[in-house]
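Undergrad: What follows is structure.txt, made up of compact mmCIF, C-alpha atoms:
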# COMPACT_ATOMS: atom_id res chain seq x y z
CA MET A 8 3.69 2.27 -35.55
CA PHE A 9 1.00 4.75 -36.61
CA THR A 10 -0.96 7.78 -35.42
CA TYR A 11 -4.29 9.37 -36.30
CA LYS A 12 -4.59 13.01 -37.28
CA TRP A 13 -7.97 14.55 -38.00
CA ASN A 14 -8.43 18.08 -39.35
CA THR A 15 -10.36 20.25 -36.88
CA HIS A 16 -12.78 21.58 -39.53
CA THR A 17 -13.49 18.05 -40.76
CA ARG A 18 -14.38 16.87 -37.25
CA THR A 19 -16.68 19.89 -36.72
CA TYR A 20 -18.45 19.41 -40.05
CA LEU A 21 -19.01 15.71 -39.35
CA ARG A 22 -20.47 16.48 -35.94
CA LEU A 23 -22.90 19.04 -37.37
CA VAL A 24 -24.08 16.57 -40.01
CA ALA A 25 -24.54 13.86 -37.42
CA LEU A 26 -26.43 16.24 -35.14
CA CYS A 27 -28.79 17.32 -37.93
CA LEU A 28 -29.48 13.72 -38.89
CA PHE A 29 -30.15 12.88 -35.28
CA ILE A 30 -32.64 15.73 -34.83
CA TYR A 31 -34.42 14.88 -38.10
CA SER A 32 -34.66 11.19 -37.34
CA THR A 33 -35.82 11.85 -33.79
CA VAL A 34 -38.89 13.82 -34.88
CA SER A 35 -39.71 11.26 -37.59
CA ILE A 36 -42.14 8.55 -36.43
CA SER A 37 -40.95 5.96 -38.91
CA ALA A 38 -37.22 6.27 -38.32
CA SER A 39 -36.61 5.03 -34.77
CA TRP A 40 -33.73 2.72 -35.77
CA TRP A 41 -32.23 5.43 -37.94
CA SER A 42 -32.42 7.74 -34.91
CA LEU A 43 -30.42 5.29 -32.88
CA ILE A 44 -27.81 4.87 -35.60
CA THR A 45 -27.30 8.58 -36.08
CA PHE A 46 -27.01 9.06 -32.33
CA VAL A 47 -24.24 6.50 -32.27
CA ILE A 48 -22.53 8.34 -35.13
CA LEU A 49 -22.77 11.57 -33.13
CA LEU A 50 -21.17 10.00 -30.10
CA ALA A 51 -18.45 8.51 -32.27
CA SER A 52 -17.71 11.90 -33.79
CA VAL A 53 -17.37 13.41 -30.33
CA TYR A 54 -15.33 10.71 -28.57
CA LEU A 55 -13.70 8.37 -31.05
CA LEU A 56 -12.51 10.89 -33.60
CA ASP A 57 -11.23 13.43 -31.12
CA THR A 58 -7.55 12.86 -30.39
CA SER A 59 -7.12 15.81 -28.06
CA ASP A 60 -6.95 13.48 -25.04
CA ILE A 61 -4.83 10.82 -26.76
CA SER A 62 -1.19 11.68 -27.15
CA GLN A 63 0.87 10.21 -29.92
CA GLY A 64 3.03 8.57 -27.27
CA LYS A 65 0.06 6.63 -25.89
CA LEU A 66 -0.96 5.49 -29.37
CA CYS A 67 2.58 4.33 -30.01
CA LEU A 68 2.63 2.31 -26.80
CA LEU A 69 -0.59 0.60 -27.82
CA VAL A 70 1.01 -0.84 -30.95
CA LEU A 71 4.38 -1.73 -29.42
CA SER A 72 4.94 -5.45 -29.31
CA ASN A 73 6.05 -7.13 -26.12
CA LYS A 74 9.47 -7.70 -27.68
CA ARG A 75 9.80 -4.02 -28.51
CA GLN A 76 8.77 -2.98 -25.00
CA VAL A 77 11.55 -5.19 -23.61
CA GLU A 78 14.02 -3.60 -26.01
CA VAL A 79 12.97 -0.11 -24.89
CA ALA A 80 13.29 -1.08 -21.21
CA LEU A 81 16.77 -2.52 -21.80
CA ALA A 82 17.84 0.61 -23.68
CA ILE A 83 16.72 2.83 -20.80
CA SER A 84 18.45 0.54 -18.31
CA ALA A 85 21.69 0.69 -20.28
CA PHE A 86 21.50 4.48 -20.34
CA VAL A 87 21.30 4.87 -16.55
CA THR A 88 23.43 1.90 -15.47
CA TYR A 89 26.97 0.83 -16.39
CA ASP A 90 28.72 -2.13 -17.97
CA SER A 91 29.91 -5.21 -16.10
CA PRO A 92 28.88 -4.68 -12.46
CA GLU A 93 30.56 -8.04 -11.80
CA ASN A 94 33.91 -6.78 -13.19
CA CYS A 95 34.26 -3.22 -11.90
CA GLU A 96 36.69 -1.42 -9.62
CA ALA A 97 34.77 -2.38 -6.49
CA THR A 98 34.66 -6.12 -7.22
CA GLU A 99 38.30 -6.21 -8.37
CA LYS A 100 39.59 -4.49 -5.24
CA PHE A 101 37.28 -6.59 -3.07
CA LEU A 102 38.72 -9.81 -4.55
CA PRO A 103 41.50 -10.31 -1.90
CA ILE A 104 38.86 -10.30 0.85
CA LYS A 105 36.56 -12.57 -1.16
CA GLU A 106 39.37 -15.05 -1.82
CA ARG A 107 41.00 -15.10 1.63
CA THR A 108 38.23 -14.67 4.17
CA GLU A 109 37.29 -17.70 6.23
CA CYS A 110 33.65 -17.63 5.12
CA ILE A 111 33.18 -20.87 3.20
CA PHE A 112 30.69 -19.28 0.77
CA ALA A 113 32.82 -16.28 -0.18
CA LYS A 114 35.06 -17.78 -2.87
CA LYS A 115 32.13 -18.88 -5.04
CA ALA A 116 29.93 -15.89 -4.24
CA ASN A 117 28.44 -14.02 -7.19
CA ILE A 118 28.92 -10.34 -6.37
CA TRP A 119 28.10 -7.10 -8.18
CA GLY A 120 29.79 -3.79 -7.47
CA CYS A 121 29.09 -0.08 -7.59
CA ARG A 122 30.12 2.32 -10.34
CA ASP A 123 33.81 3.26 -10.24
CA PHE A 124 34.40 5.93 -7.61
CA ASP A 125 34.81 9.46 -8.99
CA LEU A 126 37.00 11.55 -6.68
CA ARG A 127 35.60 14.75 -8.20
CA LEU A 128 32.21 13.98 -6.68
CA THR A 129 30.98 13.71 -3.12
CA LEU A 130 30.34 10.33 -1.53
CA GLU A 131 26.60 10.90 -1.81
CA GLU A 132 26.87 11.71 -5.51
CA ASN A 133 28.90 8.56 -6.14
CA VAL A 134 26.34 6.41 -4.36
CA TYR A 135 23.50 8.11 -6.23
CA ARG A 136 25.15 7.20 -9.56
CA SER A 137 25.01 3.54 -8.56
CA GLY A 138 21.37 3.70 -7.48
CA PRO A 139 19.90 2.32 -10.75
CA MET A 140 22.27 -0.67 -10.72
CA PHE A 141 21.55 -1.35 -7.05
CA LEU A 142 17.85 -1.35 -7.90
CA LYS A 143 18.50 -3.71 -10.81
CA PHE A 144 20.43 -5.96 -8.41
CA THR A 145 17.43 -6.24 -6.08
CA LEU A 146 15.18 -7.06 -9.04
CA VAL A 147 17.29 -9.94 -10.39
CA CYS A 148 19.32 -11.20 -7.40
CA GLU A 149 17.02 -14.12 -6.65
CA GLU A 150 16.61 -15.20 -10.26
CA LEU A 151 20.33 -14.91 -11.08
CA GLY A 152 21.52 -16.27 -7.74
CA LEU A 153 23.44 -13.12 -6.80
CA ASP A 154 24.96 -13.11 -3.33
CA GLY A 155 25.94 -9.52 -2.72
CA PHE A 156 26.51 -5.96 -3.87
CA VAL A 157 29.64 -4.14 -2.74
CA PHE A 158 30.29 -0.40 -2.43
CA ILE A 159 33.84 0.92 -2.29
CA LEU A 160 34.96 3.96 -0.27
CA PRO A 161 38.43 5.54 -0.62
CA GLY A 162 40.55 4.42 2.30
CA ASP A 163 42.41 7.71 2.60
CA GLN A 164 39.10 9.45 3.27
CA PHE A 165 37.23 6.89 5.35
CA GLY A 166 39.68 4.21 6.53
CA ALA A 167 41.52 5.96 9.36
CA ASN A 168 39.51 4.40 12.20
CA PRO A 169 36.11 2.75 12.82
CA SER A 170 34.49 6.06 13.78
CA VAL A 171 35.44 7.79 10.52
CA PHE A 172 34.56 4.66 8.58
CA GLY A 173 31.20 4.54 10.34
CA THR A 174 30.42 8.05 9.14
CA GLY A 175 30.97 6.93 5.57
CA VAL A 176 28.81 3.85 6.08
CA ARG A 177 25.96 5.97 7.45
CA ARG A 178 26.13 8.31 4.47
CA VAL A 179 26.02 5.44 1.96
CA LEU A 180 23.09 3.76 3.68
CA LYS A 181 21.23 7.06 3.96
CA VAL A 182 21.40 7.71 0.21
CA LEU A 183 20.19 4.20 -0.61
CA SER A 184 17.46 4.48 2.02
CA ASP A 185 16.23 7.72 0.45
CA LEU A 186 16.22 6.06 -2.99
CA ASP A 187 14.17 3.08 -1.78
CA PRO A 188 11.34 2.69 -4.35
CA ALA A 189 9.20 1.02 -1.69
CA GLY A 190 9.34 4.23 0.35
CA VAL A 191 10.29 2.47 3.61
CA LYS A 192 13.38 4.66 4.16
CA CYS A 193 14.74 2.39 6.86
CA MET A 194 17.52 4.80 7.85
CA ASP A 195 14.92 7.35 8.97
CA LYS A 196 13.49 4.98 11.56
CA PRO A 197 14.03 6.01 15.20
CA TYR A 198 15.01 2.47 16.21
CA VAL A 199 18.04 1.81 13.98
CA ASP A 200 20.09 0.85 17.03
CA LYS A 201 17.42 -1.51 18.41
CA ALA A 202 16.71 -5.19 17.90
CA GLY A 203 14.26 -5.66 15.06
CA TRP A 204 15.74 -3.07 12.71
CA VAL A 205 17.18 -4.30 9.43
CA PHE A 206 18.32 -2.54 6.31
CA GLU A 207 15.93 -3.04 3.43
CA PHE A 208 15.55 -1.83 -0.12
CA LYS A 209 12.56 -2.56 -2.31
CA ARG A 210 11.22 -4.80 0.47
CA ILE A 211 14.37 -6.98 0.39
CA THR A 212 16.08 -7.22 3.75
CA MET A 213 19.87 -7.26 3.71
CA PHE A 214 22.71 -8.31 5.95
CA ILE A 215 25.56 -5.79 5.88
CA THR A 216 29.23 -6.54 6.45
CA THR A 217 32.01 -3.94 6.29
CA PHE A 218 35.79 -4.08 5.83
CA ALA A 219 38.40 -1.34 6.22
CA PRO A 220 42.20 -0.93 6.49
CA CYS A 221 41.85 0.31 10.07
CA TYR A 222 41.15 -3.25 11.23
CA PRO A 223 44.25 -5.29 12.24
CA GLU A 224 45.12 -8.70 10.85
CA HIS A 225 43.56 -10.57 13.76
CA HIS A 226 40.21 -8.85 13.21
CA SER A 227 37.26 -10.49 11.40
CA ARG A 228 36.87 -7.33 9.26
CA TYR A 229 40.49 -7.33 8.14
CA SER A 230 40.84 -6.15 4.52
CA PHE A 231 43.87 -8.31 3.63
CA GLY A 232 46.07 -5.43 2.56
CA SER A 233 43.47 -3.45 0.64
CA GLN A 234 43.75 0.27 1.30
CA ASP A 235 40.08 0.92 0.54
CA CYS A 236 36.89 0.41 2.54
CA PHE A 237 34.01 -1.85 1.53
CA ILE A 238 30.33 -2.21 2.37
CA LEU A 239 28.87 -5.56 1.35
CA PHE A 240 25.07 -5.88 1.06
CA GLN A 241 23.88 -9.49 1.20
CA PRO A 242 20.17 -10.17 0.55
CA GLU A 243 18.94 -12.43 3.29
CA LEU A 244 17.15 -14.53 0.69
CA SER A 245 20.59 -15.63 -0.56
CA PHE A 246 21.18 -17.33 2.79
CA ALA A 247 18.15 -19.50 2.12
CA GLN A 248 19.48 -20.34 -1.34
CA HIS A 249 22.65 -21.66 0.31
CA ASN A 250 20.64 -23.53 2.96
CA LEU A 251 22.26 -21.56 5.76
CA PRO A 252 20.53 -22.52 9.03
CA ASP A 253 18.95 -19.98 11.34
CA ASP A 254 21.23 -17.98 13.58
CA THR A 255 21.98 -19.49 16.96
CA ALA A 256 23.94 -18.42 20.01
CA HIS A 257 25.27 -21.95 20.48
CA THR A 258 28.42 -23.14 18.72
CA ASN A 259 29.72 -26.70 18.73
CA TRP A 260 33.44 -25.92 18.78
CA GLU A 261 34.69 -29.46 19.31
CA ARG A 262 32.51 -31.17 16.72
CA PRO A 263 31.03 -28.57 14.36
CA GLN A 264 27.68 -29.77 13.08
CA THR A 265 26.35 -26.88 11.01
CA VAL A 266 27.67 -24.45 8.43
CA ARG A 267 27.65 -21.73 11.07
CA ASP A 268 29.71 -23.90 13.39
CA ARG A 269 32.32 -24.47 10.69
CA ILE A 270 32.51 -20.78 9.74
CA ARG A 271 32.92 -19.64 13.34
CA LEU A 272 35.57 -22.27 13.98
CA ALA A 273 37.48 -21.31 10.80
CA PHE A 274 37.61 -17.66 11.85
CA ARG A 275 38.79 -18.56 15.34
CA GLU A 276 41.49 -20.92 14.08
CA ALA A 277 42.74 -18.18 11.74
CA GLY A 278 43.09 -15.85 14.72
CA ARG A 279 40.15 -13.72 13.61
CA GLY A 280 37.48 -14.91 16.00
CA TYR A 281 34.54 -12.59 16.50
CA GLN A 282 32.03 -11.98 19.27
CA ILE A 283 29.12 -14.41 19.44
CA ARG A 284 26.39 -13.13 21.70
CA GLU A 285 24.34 -15.16 24.10
CA THR A 286 21.14 -14.27 22.28
CA VAL A 287 20.10 -13.84 18.65
CA THR A 288 17.86 -10.84 19.37
CA TYR A 289 20.62 -8.24 19.57
CA PRO A 290 20.58 -5.05 17.41
CA MET A 291 21.88 -5.83 13.94
CA ALA A 292 23.27 -2.30 13.62
CA HIS A 293 25.81 -3.02 16.35
CA ASP A 294 27.67 -5.42 14.06
CA ILE A 295 27.66 -3.40 10.83
CA VAL A 296 30.72 -1.34 11.84
CA LYS A 297 32.71 -3.12 14.52
CA PRO A 298 35.19 -1.54 16.96
CA ALA A 299 38.87 -2.14 16.28
CA THR A 300 39.20 -4.27 19.41
CA MET A 301 36.71 -6.83 20.66
CA GLY A 302 35.09 -5.55 23.84
CA ASP A 303 35.41 -1.85 22.97
CA PRO A 304 32.25 0.28 22.98
CA VAL A 305 29.85 -0.11 20.08
CA VAL A 306 30.56 2.16 17.12
CA GLU A 307 27.45 4.35 16.87
CA TRP A 308 27.79 4.85 13.13
CA TRP A 309 24.06 5.62 12.66
CA LYS A 310 24.37 8.91 14.52
CA ASP A 311 25.07 12.07 12.56
Could you express the structure from this file as structure tokens?
TA:
Amino acid sequence: MFTYKWNTHTRTYLRLVALCLFIYSTVSISASWWSLITFVILLASVYLLDTSDISQGKLCLLVLSNKRQVEVALAISAFVTYDSPENCEATEKFLPIKERTECIFAKKANIWGCRDFDLRLTLEENVYRSGPMFLKFTLVCEELGLDGFVFILPGDQFGANPSVFGTGVRRVLKVLSDLDPAGVKCMDKPYVDKAGWVFEFKRITMFITTFAPCYPEHHSRYSFGSQDCFILFQPELSFAQHNLPDDTAHTNWERPQTVRDRIRLAFREAGRGYQIRETVTYPMAHDIVKPATMGDPVVEWWKD
């Protein structure tokens, strides 16, 4: 790594000499080539030897090797993220749901979690602290085969009922939406509760599932004894990696043919059957926070 430092008086003296030579050679009939050379020297003294517009930081970056640039990037990442997103409080407390749910992909799912919840901070501040890791997740999820990112919310604050839980969900999604580096800010759209809306971050669309202690044992969002609430973000590209077929309103209950058929049947046989609509063009937001009882009004969690 190196930098250039030229004394101001030296640069001025060199420019004056070059200018004098240029003027002399210009008026001389027999020195046309010398005129050109001295003109080049003059330009060099003005542009190449002047470091006023070149910061030392820029010069340093020019000589950094690719390996060193990677090391710098990793050091910055380590400073703003946290260790072991796959073995944090969120993933550990989410484990009973992951191990016992009827989804056939859950047990082997590769899931990252948010930074450990700090009760001294607001919910928004806690989510903001996990923003860099969530961004990192979206950057590497396809390459590493990651299936989801889970946020944890204290059950005593947000687990009383679906309405209170929905408020917490909205606040989490709003912070992430505001942090979206792509600038889409999907939570600011006026059609969150309409068909066609989907949560996205850095141009990656995500399917969101939530679990809370307010849901009874026969509910598909049952938390299996956990006293905390969870928001699971699943990149839709992970469904393609698992060869999950397109959504369909039809289910072959007697002779399940597809993965979706088998998952729906497993939930129903466990007593946790969930609503399957007659069309696949329903608003996705309606299923993010479900009512405690099937058939109850939709939980309008997106409303402030």
Undergrad: With a distance cut-off of 10 Å and only C-alpha atoms, select the neighbouring residues of A:Asn133, excluding the residue or stretch itself and same-chain residues fewer than 2 positions from it, and output the selection as a PDB file with C-alpha atoms, in the coordinates of the input.
TA:
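Final output, saved to selection.pdb:
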ATOM      1  CA  CYS A 121      29.090  -0.080  -7.590  1.00  0.00           C
ATOM      2  CA  ARG A 122      30.120   2.320 -10.340  1.00  0.00           C
ATOM      3  CA  ASP A 123      33.810   3.260 -10.240  1.00  0.00           C
ATOM      4  CA  PHE A 124      34.400   5.930  -7.610  1.00  0.00           C
ATOM      5  CA  ASP A 125      34.810   9.460  -8.990  1.00  0.00           C
ATOM      6  CA  LEU A 126      37.000  11.550  -6.680  1.00  0.00           C
ATOM      7  CA  ARG A 127      35.600  14.750  -8.200  1.00  0.00           C
ATOM      8  CA  LEU A 128      32.210  13.980  -6.680  1.00  0.00           C
ATOM      9  CA  THR A 129      30.980  13.710  -3.120  1.00  0.00           C
ATOM     10  CA  LEU A 130      30.340  10.330  -1.530  1.00  0.00           C
ATOM     11  CA  GLU A 131      26.600  10.900  -1.810  1.00  0.00           C
ATOM     12  CA  TYR A 135      23.500   8.110  -6.230  1.00  0.00           C
ATOM     13  CA  ARG A 136      25.150   7.200  -9.560  1.00  0.00           C
ATOM     14  CA  SER A 137      25.010   3.540  -8.560  1.00  0.00           C
ATOM     15  CA  GLY A 138      21.370   3.700  -7.480  1.00  0.00           C
ATOM     16  CA  PHE A 158      30.290  -0.400  -2.430  1.00  0.00           C
ATOM     17  CA  ILE A 159      33.840   0.920  -2.290  1.00  0.00           C
ATOM     18  CA  LEU A 160      34.960   3.960  -0.270  1.00  0.00           C
ATOM     19  CA  VAL A 179      26.020   5.440   1.960  1.00  0.00           C
ATOM     20  CA  VAL A 182      21.400   7.710   0.210  1.00  0.00           C
TER      21      VAL A 182
END
Undergrad: Quick one: distance from atom CA of A:Asp253 to atom CA of A:Cys110 in Å, one decimal?
TA: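 Atom CA of A:Cys110 lies at a distance of 16.1 Å from atom CA of A:Asp253.
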Undergrad: Just want the 10 Å neighbourhood of A:Gly203, counted on all atoms listed in the file, with same-chain residues fewer than 3 positions away dropped. Output as a list of chain:residue names.
TA: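 Contacts, in chain order: A:Tyr198, A:Val199, A:Asp200, A:Thr288, A:Tyr289, A:Pro290, A:Met291, A:Ala292.
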Undergrad: Could you check the closest approach to A:Lys105 for each of A:Ile270, A:Val157, A:Val134, A:Ile295 and tell me which residue wins, using all atoms listed in the file?
TA: A:Val157
Undergrad: For each of A:Arg284, A:His257, A:Arg210, A:Arg75, take the minimum atom-to-atom distance to A:Leu146, counting only C-alpha atoms, then give the residue where this is smallest.
TA: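 Residue with the minimum atom-to-atom distance to A:Leu146: A:Arg210.
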